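Trainee: Sharing model.txt below, compact mmCIF, C-alpha atoms:
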# COMPACT_ATOMS: atom_id res chain seq x y z
CA MET A 1 128.28 99.94 111.55
CA LYS A 2 124.88 98.73 112.86
CA PRO A 3 122.08 98.98 110.31
CA VAL A 4 118.63 98.56 111.87
CA LEU A 5 116.23 96.35 109.92
CA ALA A 6 112.48 96.07 110.39
CA ALA A 7 111.58 92.37 110.72
CA ALA A 8 108.32 90.96 109.26
CA GLY A 9 106.74 90.64 112.72
CA GLY A 10 107.38 94.24 113.62
CA ASP A 11 110.33 93.54 115.90
CA VAL A 12 113.43 95.52 115.41
CA LEU A 13 116.52 93.52 114.62
CA THR A 14 119.99 94.81 114.80
CA GLU A 15 122.39 93.29 112.34
CA GLU A 16 126.01 93.35 113.24
CA GLN A 17 128.03 94.02 110.16
CA THR A 18 131.72 93.49 110.19
CA VAL A 19 133.50 95.47 107.61
CA THR A 20 136.67 93.62 106.91
CA GLU A 21 139.68 95.09 105.25
CA ASP A 22 139.27 92.56 102.44
CA ALA A 23 135.68 93.59 101.74
CA LEU A 24 136.71 97.18 101.29
CA ASP A 25 140.04 96.36 99.78
CA ILE A 26 141.07 98.75 97.13
CA PRO A 27 143.41 96.94 94.78
CA TRP A 28 147.14 97.43 95.05
CA ASN A 29 149.18 98.10 91.98
CA VAL A 30 152.59 96.72 91.22
CA VAL A 31 154.44 99.56 89.53
CA VAL A 32 157.69 99.14 87.64
CA HIS A 33 159.79 102.28 87.25
CA ASN A 34 162.26 103.23 84.56
CA ASP A 35 165.97 103.20 85.20
CA PRO A 36 168.72 104.10 82.76
CA ILE A 37 170.64 100.85 83.15
CA ASN A 38 168.42 97.77 82.87
CA LEU A 39 168.38 96.37 79.34
CA MET A 40 165.05 96.35 77.50
CA ASP A 41 165.32 92.69 76.53
CA TYR A 42 166.18 91.76 80.10
CA VAL A 43 163.15 93.62 81.48
CA THR A 44 160.92 91.92 78.89
CA LYS A 45 162.20 88.50 79.91
CA VAL A 46 161.67 89.25 83.61
CA PHE A 47 158.04 90.22 82.97
CA MET A 48 157.50 87.02 80.97
CA LYS A 49 158.97 84.92 83.75
CA ILE A 50 157.28 86.51 86.75
CA PHE A 51 153.83 87.29 85.34
CA GLY A 52 153.67 84.69 82.57
CA PHE A 53 153.11 87.45 80.00
CA SER A 54 153.39 86.71 76.31
CA ARG A 55 156.42 88.39 74.71
CA THR A 56 154.09 90.95 73.09
CA LYS A 57 152.43 91.89 76.39
CA ALA A 58 155.77 91.98 78.18
CA GLU A 59 157.18 94.29 75.51
CA ILE A 60 154.19 96.62 75.78
CA HIS A 61 154.80 97.02 79.51
CA MET A 62 158.56 97.32 79.02
CA LEU A 63 158.06 100.10 76.45
CA GLU A 64 155.59 101.87 78.75
CA VAL A 65 158.21 101.82 81.50
CA HIS A 66 160.84 103.12 79.08
CA GLU A 67 158.72 105.84 77.49
CA LYS A 68 156.43 106.95 80.31
CA GLY A 69 158.69 106.22 83.27
CA ARG A 70 156.41 103.63 84.87
CA SER A 71 153.97 100.86 84.13
CA ILE A 72 151.37 99.13 86.28
CA VAL A 73 152.09 95.49 85.60
CA TRP A 74 149.65 93.87 88.03
CA SER A 75 146.79 94.79 90.38
CA GLY A 76 145.20 92.84 93.20
CA THR A 77 145.63 92.03 96.85
CA ARG A 78 148.37 93.67 98.84
CA GLU A 79 149.93 90.37 99.85
CA ARG A 80 150.23 89.18 96.26
CA ALA A 81 151.46 92.60 95.13
CA GLU A 82 154.22 92.47 97.75
CA PHE A 83 155.18 89.01 96.52
CA TYR A 84 155.50 90.27 92.94
CA VAL A 85 157.54 93.29 94.04
CA GLN A 86 159.87 90.94 95.90
CA GLN A 87 160.23 88.84 92.73
CA LEU A 88 160.93 91.94 90.65
CA HIS A 89 163.51 93.14 93.18
CA SER A 90 165.19 89.74 93.05
CA HIS A 91 165.76 90.54 89.36
CA LEU A 92 166.92 94.06 90.25
CA LEU A 93 164.02 95.93 88.69
CA LEU A 94 162.81 99.12 90.34
CA ALA A 95 159.35 98.12 91.50
CA THR A 96 156.95 99.42 94.13
CA ILE A 97 153.46 98.80 95.42
CA ALA A 98 150.86 101.54 95.50
CA LYS A 99 147.18 101.60 96.32
CA ALA A 100 145.07 101.99 93.19
CA ARG A 101 143.39 105.40 93.13
CA MET B 1 188.39 87.96 72.81
CA GLU B 2 186.83 84.80 71.42
CA ILE B 3 183.64 83.37 72.84
CA ARG B 4 182.43 79.89 72.02
CA SER B 5 179.10 78.57 73.20
CA SER B 6 177.91 74.99 73.35
CA ASP B 7 175.37 72.92 75.29
CA GLU B 8 177.82 72.86 78.20
CA GLY B 9 178.13 76.63 78.41
CA TRP B 10 180.47 79.37 77.26
CA GLU B 11 184.23 79.51 76.84
CA PHE B 12 186.10 82.81 76.74
CA THR B 13 189.59 82.78 75.27
CA ALA B 14 192.15 85.15 73.71
CA MET B 15 191.23 87.86 76.19
CA ASP B 16 193.54 90.85 76.31
CA PRO B 17 194.70 91.90 79.78
CA PHE B 18 192.23 94.78 79.95
CA VAL B 19 189.23 92.54 79.24
CA LEU B 20 190.55 90.00 81.70
CA GLU B 21 190.78 92.68 84.37
CA LEU B 22 187.23 93.89 83.68
CA LEU B 23 186.01 90.35 84.23
CA ARG B 24 188.11 89.85 87.36
CA VAL B 25 186.72 92.99 89.02
CA LEU B 26 183.12 92.04 88.20
CA PRO B 27 182.22 90.57 91.62
CA ALA B 28 183.78 93.53 93.42
CA CYS B 29 181.94 96.02 91.20
CA ALA B 30 178.67 94.26 91.99
CA GLU B 31 179.17 94.61 95.77
CA PRO B 32 176.41 96.83 97.16
CA GLU B 33 178.42 98.00 100.16
CA ASP B 34 178.58 101.72 99.40
CA ASP B 35 175.51 103.82 100.08
CA ALA B 36 174.65 104.68 96.47
CA ALA B 37 174.87 101.08 95.26
CA ARG B 38 173.06 99.72 98.31
CA LYS B 39 170.14 102.10 97.77
CA ARG B 40 169.77 100.97 94.18
CA ILE B 41 170.27 97.24 94.69
CA PHE B 42 167.97 97.16 97.73
CA SER B 43 165.35 99.66 96.66
CA PRO B 44 162.30 100.23 98.89
CA PRO B 45 158.87 98.77 98.07
CA THR B 46 157.11 102.12 98.35
CA ILE B 47 158.20 105.57 97.24
CA GLN B 48 156.71 109.05 97.19
CA PRO B 49 153.86 109.88 96.93
CA ASP B 50 152.88 106.44 98.28
CA ALA B 51 155.75 106.17 100.75
CA ASP B 52 154.96 103.96 103.71
CA ALA B 53 157.71 104.16 106.32
CA GLU B 54 156.47 101.11 108.21
CA ALA B 55 156.27 98.98 105.05
CA ASN B 56 159.74 100.09 104.00
CA SER B 57 161.14 99.35 107.44
CA GLU B 58 159.58 95.86 107.51
CA TRP B 59 160.90 95.26 104.02
CA SER B 60 164.44 96.11 105.16
CA GLU B 61 164.06 93.81 108.15
CA TYR B 62 162.37 90.80 106.59
CA VAL B 63 162.85 90.84 102.80
CA GLU B 64 166.23 92.47 102.26
CA PRO B 65 168.26 89.76 104.07
CA GLY B 66 166.84 87.10 101.75
CA LEU B 67 167.62 89.19 98.69
CA ARG B 68 171.13 89.87 99.99
CA GLU B 69 171.68 86.14 100.42
CA LEU B 70 170.34 85.40 96.92
CA PHE B 71 172.54 88.06 95.34
CA LYS B 72 175.60 86.83 97.21
CA SER B 73 174.95 83.28 95.99
CA HIS B 74 175.11 84.62 92.42
CA THR B 75 178.32 86.61 92.91
CA ASP B 76 179.91 83.66 94.73
CA ILE B 77 179.31 81.45 91.67
CA VAL B 78 180.85 84.09 89.41
CA ALA B 79 183.83 84.55 91.71
CA ALA B 80 184.38 80.77 91.77
CA ASP B 81 184.27 80.53 87.95
CA LEU B 82 186.78 83.38 87.73
CA ALA B 83 189.03 81.75 90.33
CA ALA B 84 188.91 78.50 88.34
CA MET B 85 190.13 80.28 85.21
CA LYS B 86 192.98 78.40 83.60
CA GLY B 87 196.08 79.95 82.10
CA GLU B 88 197.52 83.44 82.38
CA GLY B 89 197.30 86.53 80.23
CA GLU B 90 195.99 85.96 76.72
CA ALA B 91 196.25 82.19 77.26
CA ALA B 92 193.62 82.38 80.00
CA THR B 93 190.40 80.45 79.47
CA LEU B 94 187.21 81.27 81.33
CA ARG B 95 184.52 78.62 81.34
CA ILE B 96 180.96 79.41 82.34
CA PRO B 97 178.82 76.27 82.66
CA THR B 98 175.28 76.61 81.32
CA GLU B 99 173.83 76.15 84.80
CA HIS B 100 175.81 79.21 85.97
CA GLY B 101 174.30 81.42 83.26
CA ARG B 102 171.68 82.97 85.54
CA ALA B 103 174.25 83.82 88.19
CA TRP B 104 176.44 85.55 85.61
CA ILE B 105 173.49 87.44 84.10
CA HIS B 106 172.49 88.61 87.56
CA THR B 107 176.01 89.62 88.50
CA PHE B 108 176.60 91.49 85.23
CA ASN B 109 173.35 93.32 85.87
CA GLN B 110 174.07 94.00 89.53
CA ALA B 111 177.52 95.38 88.66
CA ARG B 112 176.02 97.62 85.96
CA LEU B 113 173.39 98.96 88.35
CA ALA B 114 175.91 99.48 91.15
CA LEU B 115 178.32 101.29 88.82
CA GLY B 116 175.47 103.40 87.48
CA ALA B 117 174.39 104.37 91.00
CA ARG B 118 177.94 105.17 92.14
CA HIS B 119 178.55 107.44 89.16
CA GLY B 120 175.08 108.98 88.94
CA VAL B 121 174.49 107.61 85.44
CA THR B 122 171.45 109.10 83.70
CA GLU B 123 169.49 108.47 80.49
CA ASP B 124 171.63 111.13 78.79
CA ASP B 125 174.77 109.24 79.77
CA THR B 126 173.55 105.91 78.44
CA ALA B 127 172.39 107.64 75.25
CA GLY B 128 176.01 108.65 74.64
CA ARG B 129 175.60 112.32 75.50
CA THR B 130 178.41 112.34 78.07
CA GLU B 131 181.74 114.08 77.59
CA PRO B 132 184.49 111.51 77.03
CA GLY B 133 187.09 111.02 79.73
CA GLY B 134 186.97 110.80 83.48
CA GLU B 135 185.74 108.21 85.94
CA LYS B 136 182.14 108.39 84.77
CA ALA B 137 183.11 107.72 81.16
CA PHE B 138 185.18 104.73 82.30
CA ALA B 139 182.22 103.44 84.31
CA LEU B 140 179.98 103.83 81.25
CA MET B 141 182.43 101.81 79.17
CA GLN B 142 182.40 99.13 81.86
CA ILE B 143 178.58 99.18 81.97
CA ASP B 144 178.45 98.75 78.18
CA PHE B 145 181.01 95.94 78.21
CA TYR B 146 179.04 94.02 80.83
CA ALA B 147 175.82 94.70 78.88
CA THR B 148 177.28 93.05 75.80
CA LEU B 149 178.17 89.90 77.70
CA LEU B 150 174.88 89.94 79.61
CA GLY B 151 173.00 90.08 76.30
CA LEU B 152 175.02 87.20 74.97
CA LEU B 153 174.22 84.97 77.93
CA LEU B 154 170.61 86.14 78.08
CA SER B 155 169.99 85.06 74.49
CA ARG B 156 170.21 81.42 75.53
CA THR B 157 169.44 81.34 79.24
CA GLU B 158 166.13 80.95 81.05
CA LEU B 159 165.89 83.48 83.84
Now that the file is in, can you turn its structure into structure tokens?

Mentor:
Amino acid sequence: MKPVLAAAGGDVLTEEQTVTEDALDIPWNVVVHNDPINLMDYVTKVFMKIFGFSRTKAEIHMLEVHEKGRSIVWSGTRERAEFYVQQLHSHLLLATIAKAR
Amino acid sequence: MEIRSSDEGWEFTAMDPFVLELLRVLPACAEPEDDAARKRIFSPPTIQPDADAEANSEWSEYVEPGLRELFKSHTDIVAADLAAMKGEGEAATLRIPTEHGRAWIHTFNQARLALGARHGVTEDDTAGRTEPGGEKAFALMQIDFYATLLGLLLSRTEL
């Protein structure tokens, strides 16, 4: 993208603009999905450990997973989202990353 | 079965042979070597409608080996505690040191998930709406038994 700017002296300047992926980065969601096996208390404790949630916040997300089938537990950069998914997988939760819409 | 807990850990005694067998097969049940269990234990990081084949492939190549190693370290600890069990039959005593709590919690959970995947366990099944009898019903009993012990350990273990 090369926007053309009129300089004060009448010259025409061309400003190179680099559009980085970060600048345009749409956040990535960490989504936890329901499964019929994982215990509710276990899921709550995993959320508290990985995201530092209070018990109340962790339970809200756990219940959303249980009742609605999924919960977005974190949003941000892709790299960090992948890290959290890896942590969730290490505790055997069904978790994925998805671009926020 | 009697379970005593202390600062040092847990001690299981007076186990009938059936309970003892359920504990002894725990590491084997947790093994993710069959396709159904492997897919559940090593689930992909993206799924439909956001499926990203390249991300999933990289995940299998770079992340899964580390997870596999971590999970094996847990089941190895459990297998060692079971192998160190003293006594035979109802005189057997299983000791789980406090510092092994996480490994046992993980292995109970991994076995439950693997059993659930192998037998196609659904919400209806875990809600008790399954016909009694058959392999699936046995697996559900096993899943519930491991859940009880997992809950016990979880109540006084930091993940």

Trainee: Compute the set of chain B residues within 9 Å of chain A, using only C-alpha atoms, and express it as a VMD selection string.

Mentor: chain B and resid 40 to 47 49 to 51 63 67 70 to 71 106 109 to 110 112 to 113 116 121 to 126 143 147 150 to 151 154 158 to 159

Trainee: Once you have the residues from the selection above, write them out as a PDB file, in the coordinates of the input, restricted to C-alpha atoms.

Mentor:
ATOM      1  CA  ARG B  40     169.770 100.970  94.180  1.00  0.00           C
ATOM      2  CA  ILE B  41     170.270  97.240  94.690  1.00  0.00           C
ATOM      3  CA  PHE B  42     167.970  97.160  97.730  1.00  0.00           C
ATOM      4  CA  SER B  43     165.350  99.660  96.660  1.00  0.00           C
ATOM      5  CA  PRO B  44     162.300 100.230  98.890  1.00  0.00           C
ATOM      6  CA  PRO B  45     158.870  98.770  98.070  1.00  0.00           C
ATOM      7  CA  THR B  46     157.110 102.120  98.350  1.00  0.00           C
ATOM      8  CA  ILE B  47     158.200 105.570  97.240  1.00  0.00           C
ATOM      9  CA  PRO B  49     153.860 109.880  96.930  1.00  0.00           C
ATOM     10  CA  ASP B  50     152.880 106.440  98.280  1.00  0.00           C
ATOM     11  CA  ALA B  51     155.750 106.170 100.750  1.00  0.00           C
ATOM     12  CA  VAL B  63     162.850  90.840 102.800  1.00  0.00           C
ATOM     13  CA  LEU B  67     167.620  89.190  98.690  1.00  0.00           C
ATOM     14  CA  LEU B  70     170.340  85.400  96.920  1.00  0.00           C
ATOM     15  CA  PHE B  71     172.540  88.060  95.340  1.00  0.00           C
ATOM     16  CA  HIS B 106     172.490  88.610  87.560  1.00  0.00           C
ATOM     17  CA  ASN B 109     173.350  93.320  85.870  1.00  0.00           C
ATOM     18  CA  GLN B 110     174.070  94.000  89.530  1.00  0.00           C
ATOM     19  CA  ARG B 112     176.020  97.620  85.960  1.00  0.00           C
ATOM     20  CA  LEU B 113     173.390  98.960  88.350  1.00  0.00           C
ATOM     21  CA  GLY B 116     175.470 103.400  87.480  1.00  0.00           C
ATOM     22  CA  VAL B 121     174.490 107.610  85.440  1.00  0.00           C
ATOM     23  CA  THR B 122     171.450 109.100  83.700  1.00  0.00           C
ATOM     24  CA  GLU B 123     169.490 108.470  80.490  1.00  0.00           C
ATOM     25  CA  ASP B 124     171.630 111.130  78.790  1.00  0.00           C
ATOM     26  CA  ASP B 125     174.770 109.240  79.770  1.00  0.00           C
ATOM     27  CA  THR B 126     173.550 105.910  78.440  1.00  0.00           C
ATOM     28  CA  ILE B 143     178.580  99.180  81.970  1.00  0.00           C
ATOM     29  CA  ALA B 147     175.820  94.700  78.880  1.00  0.00           C
ATOM     30  CA  LEU B 150     174.880  89.940  79.610  1.00  0.00           C
ATOM     31  CA  GLY B 151     173.000  90.080  76.300  1.00  0.00           C
ATOM     32  CA  LEU B 154     170.610  86.140  78.080  1.00  0.00           C
ATOM     33  CA  GLU B 158     166.130  80.950  81.050  1.00  0.00           C
ATOM     34  CA  LEU B 159     165.890  83.480  83.840  1.00  0.00           C
TER      35      LEU B 159
END

Trainee: Got a sec: who's within 12 Å of B:Glu99, counting only C-alpha atoms, leaving out chain neighbours fewer than 3 positions off, as an NGL selection string?

Mentor: :B and (7-10 or 74 or 77-78 or 81 or 95-96 or 102-105 or 153 or 156-159)

Trainee: So how far away is atom CA of B:Leu152 from atom CA of B:Asp76, in Å?

Mentor: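 Result for atom CA of B:Asp76 versus atom CA of B:Leu152: 20.7 Å, one decimal.
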
Trainee: One decimal, in Å: what's the spacing between atom CA of B:Pro17 and atom CA of B:Ala83?

Mentor: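 A separation of 15.7 Å between them.
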
Trainee: So, counting all atoms listed in the file, which residue among A:Arg101, A:Val43, A:Val32, A:Ile26 is closest to A:Val73?

Mentor: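 Of A:Arg101, A:Val43, A:Val32, A:Ile26, the one nearest A:Val73, counting all atoms listed in the file, is A:Val32.
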
Trainee: Save stretch 145-159 of chain B to disk from that block, all heavy atoms included, as a short mmCIF file (atom, residue, chain, number, x, y, z; two decimals), in the first residue's frame.

Mentor:
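Done, and the output landed in decode01.cif:
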data_model
loop_
_atom_site.label_atom_id
_atom_site.label_comp_id
_atom_site.auth_asym_id
_atom_site.auth_seq_id
_atom_site.Cartn_x
_atom_site.Cartn_y
_atom_site.Cartn_z
N PHE B 145 -15.52 -45.61 38.62
CA PHE B 145 -14.62 -46.01 39.72
C PHE B 145 -13.38 -45.10 39.72
O PHE B 145 -12.99 -44.56 40.76
CB PHE B 145 -14.23 -47.47 39.56
CG PHE B 145 -13.20 -47.93 40.55
CD1 PHE B 145 -13.52 -48.08 41.91
CD2 PHE B 145 -11.89 -48.22 40.15
CE1 PHE B 145 -12.56 -48.50 42.83
CE2 PHE B 145 -10.94 -48.63 41.06
CZ PHE B 145 -11.27 -48.77 42.41
N TYR B 146 -12.79 -44.92 38.55
CA TYR B 146 -11.61 -44.06 38.47
C TYR B 146 -11.96 -42.61 38.81
O TYR B 146 -11.14 -41.88 39.39
CB TYR B 146 -10.99 -44.14 37.06
CG TYR B 146 -10.38 -45.48 36.71
CD1 TYR B 146 -10.30 -45.92 35.39
CD2 TYR B 146 -9.89 -46.34 37.70
CE1 TYR B 146 -9.75 -47.14 35.05
CE2 TYR B 146 -9.33 -47.57 37.37
CZ TYR B 146 -9.27 -47.97 36.05
OH TYR B 146 -8.72 -49.19 35.72
N ALA B 147 -13.18 -42.19 38.47
CA ALA B 147 -13.61 -40.81 38.78
C ALA B 147 -13.67 -40.60 40.29
O ALA B 147 -13.28 -39.54 40.80
CB ALA B 147 -14.97 -40.52 38.17
N THR B 148 -14.13 -41.61 41.01
CA THR B 148 -14.24 -41.50 42.46
C THR B 148 -12.85 -41.29 43.07
O THR B 148 -12.65 -40.42 43.93
CB THR B 148 -14.88 -42.78 43.05
OG1 THR B 148 -16.16 -42.94 42.45
CG2 THR B 148 -15.03 -42.68 44.56
N LEU B 149 -11.90 -42.09 42.61
CA LEU B 149 -10.54 -41.97 43.17
C LEU B 149 -9.87 -40.68 42.70
O LEU B 149 -9.15 -40.04 43.46
CB LEU B 149 -9.72 -43.20 42.78
CG LEU B 149 -10.27 -44.54 43.32
CD1 LEU B 149 -9.36 -45.69 42.93
CD2 LEU B 149 -10.44 -44.50 44.84
N LEU B 150 -10.13 -40.30 41.46
CA LEU B 150 -9.58 -39.03 40.94
C LEU B 150 -10.07 -37.87 41.81
O LEU B 150 -9.28 -37.01 42.22
CB LEU B 150 -10.04 -38.85 39.49
CG LEU B 150 -9.42 -37.75 38.62
CD1 LEU B 150 -9.73 -38.01 37.15
CD2 LEU B 150 -9.88 -36.37 38.99
N GLY B 151 -11.37 -37.87 42.11
CA GLY B 151 -11.95 -36.80 42.93
C GLY B 151 -11.33 -36.75 44.31
O GLY B 151 -11.06 -35.67 44.84
N LEU B 152 -11.07 -37.93 44.84
CA LEU B 152 -10.46 -38.01 46.17
C LEU B 152 -9.08 -37.38 46.17
O LEU B 152 -8.74 -36.56 47.05
CB LEU B 152 -10.37 -39.48 46.59
CG LEU B 152 -9.71 -39.77 47.92
CD1 LEU B 152 -10.69 -39.53 49.06
CD2 LEU B 152 -9.19 -41.20 47.99
N LEU B 153 -8.28 -37.73 45.20
CA LEU B 153 -6.92 -37.18 45.11
C LEU B 153 -6.94 -35.69 44.76
O LEU B 153 -6.15 -34.90 45.28
CB LEU B 153 -6.08 -37.94 44.07
CG LEU B 153 -5.29 -39.16 44.58
CD1 LEU B 153 -6.18 -40.20 45.22
CD2 LEU B 153 -4.47 -39.78 43.45
N LEU B 154 -7.88 -35.32 43.90
CA LEU B 154 -7.97 -33.92 43.45
C LEU B 154 -8.30 -32.98 44.60
O LEU B 154 -7.87 -31.83 44.61
CB LEU B 154 -9.05 -33.81 42.35
CG LEU B 154 -9.19 -32.49 41.63
CD1 LEU B 154 -7.93 -32.17 40.83
CD2 LEU B 154 -10.41 -32.52 40.69
N SER B 155 -9.05 -33.49 45.59
CA SER B 155 -9.50 -32.63 46.69
C SER B 155 -8.32 -32.12 47.52
O SER B 155 -8.46 -31.13 48.24
CB SER B 155 -10.49 -33.40 47.58
OG SER B 155 -9.84 -34.47 48.23
N ARG B 156 -7.18 -32.78 47.43
CA ARG B 156 -6.04 -32.25 48.20
C ARG B 156 -4.73 -32.31 47.41
O ARG B 156 -3.66 -32.57 47.94
CB ARG B 156 -5.90 -32.96 49.54
CG ARG B 156 -6.00 -34.46 49.53
CD ARG B 156 -5.68 -35.02 50.89
NE ARG B 156 -4.33 -34.67 51.27
CZ ARG B 156 -3.40 -35.58 51.58
NH1 ARG B 156 -3.67 -36.85 51.53
NH2 ARG B 156 -2.19 -35.20 51.93
N THR B 157 -4.84 -32.03 46.11
CA THR B 157 -3.65 -31.98 45.26
C THR B 157 -3.68 -30.73 44.39
O THR B 157 -4.71 -30.43 43.79
CB THR B 157 -3.58 -33.22 44.35
OG1 THR B 157 -3.63 -34.39 45.15
CG2 THR B 157 -2.32 -33.23 43.50
N GLU B 158 -2.56 -30.03 44.32
CA GLU B 158 -2.42 -28.92 43.38
C GLU B 158 -2.12 -29.49 42.01
O GLU B 158 -1.23 -30.33 41.88
CB GLU B 158 -1.27 -28.01 43.81
CG GLU B 158 -1.55 -27.17 45.04
CD GLU B 158 -2.63 -26.14 44.82
OE1 GLU B 158 -2.66 -25.54 43.73
OE2 GLU B 158 -3.44 -25.94 45.74
N LEU B 159 -2.84 -29.04 41.01
CA LEU B 159 -2.58 -29.56 39.66
C LEU B 159 -1.26 -29.02 39.14
O LEU B 159 -0.83 -27.95 39.47
CB LEU B 159 -3.70 -29.18 38.70
CG LEU B 159 -5.00 -29.95 38.90
CD1 LEU B 159 -6.05 -29.43 37.92
CD2 LEU B 159 -4.82 -31.44 38.69
#
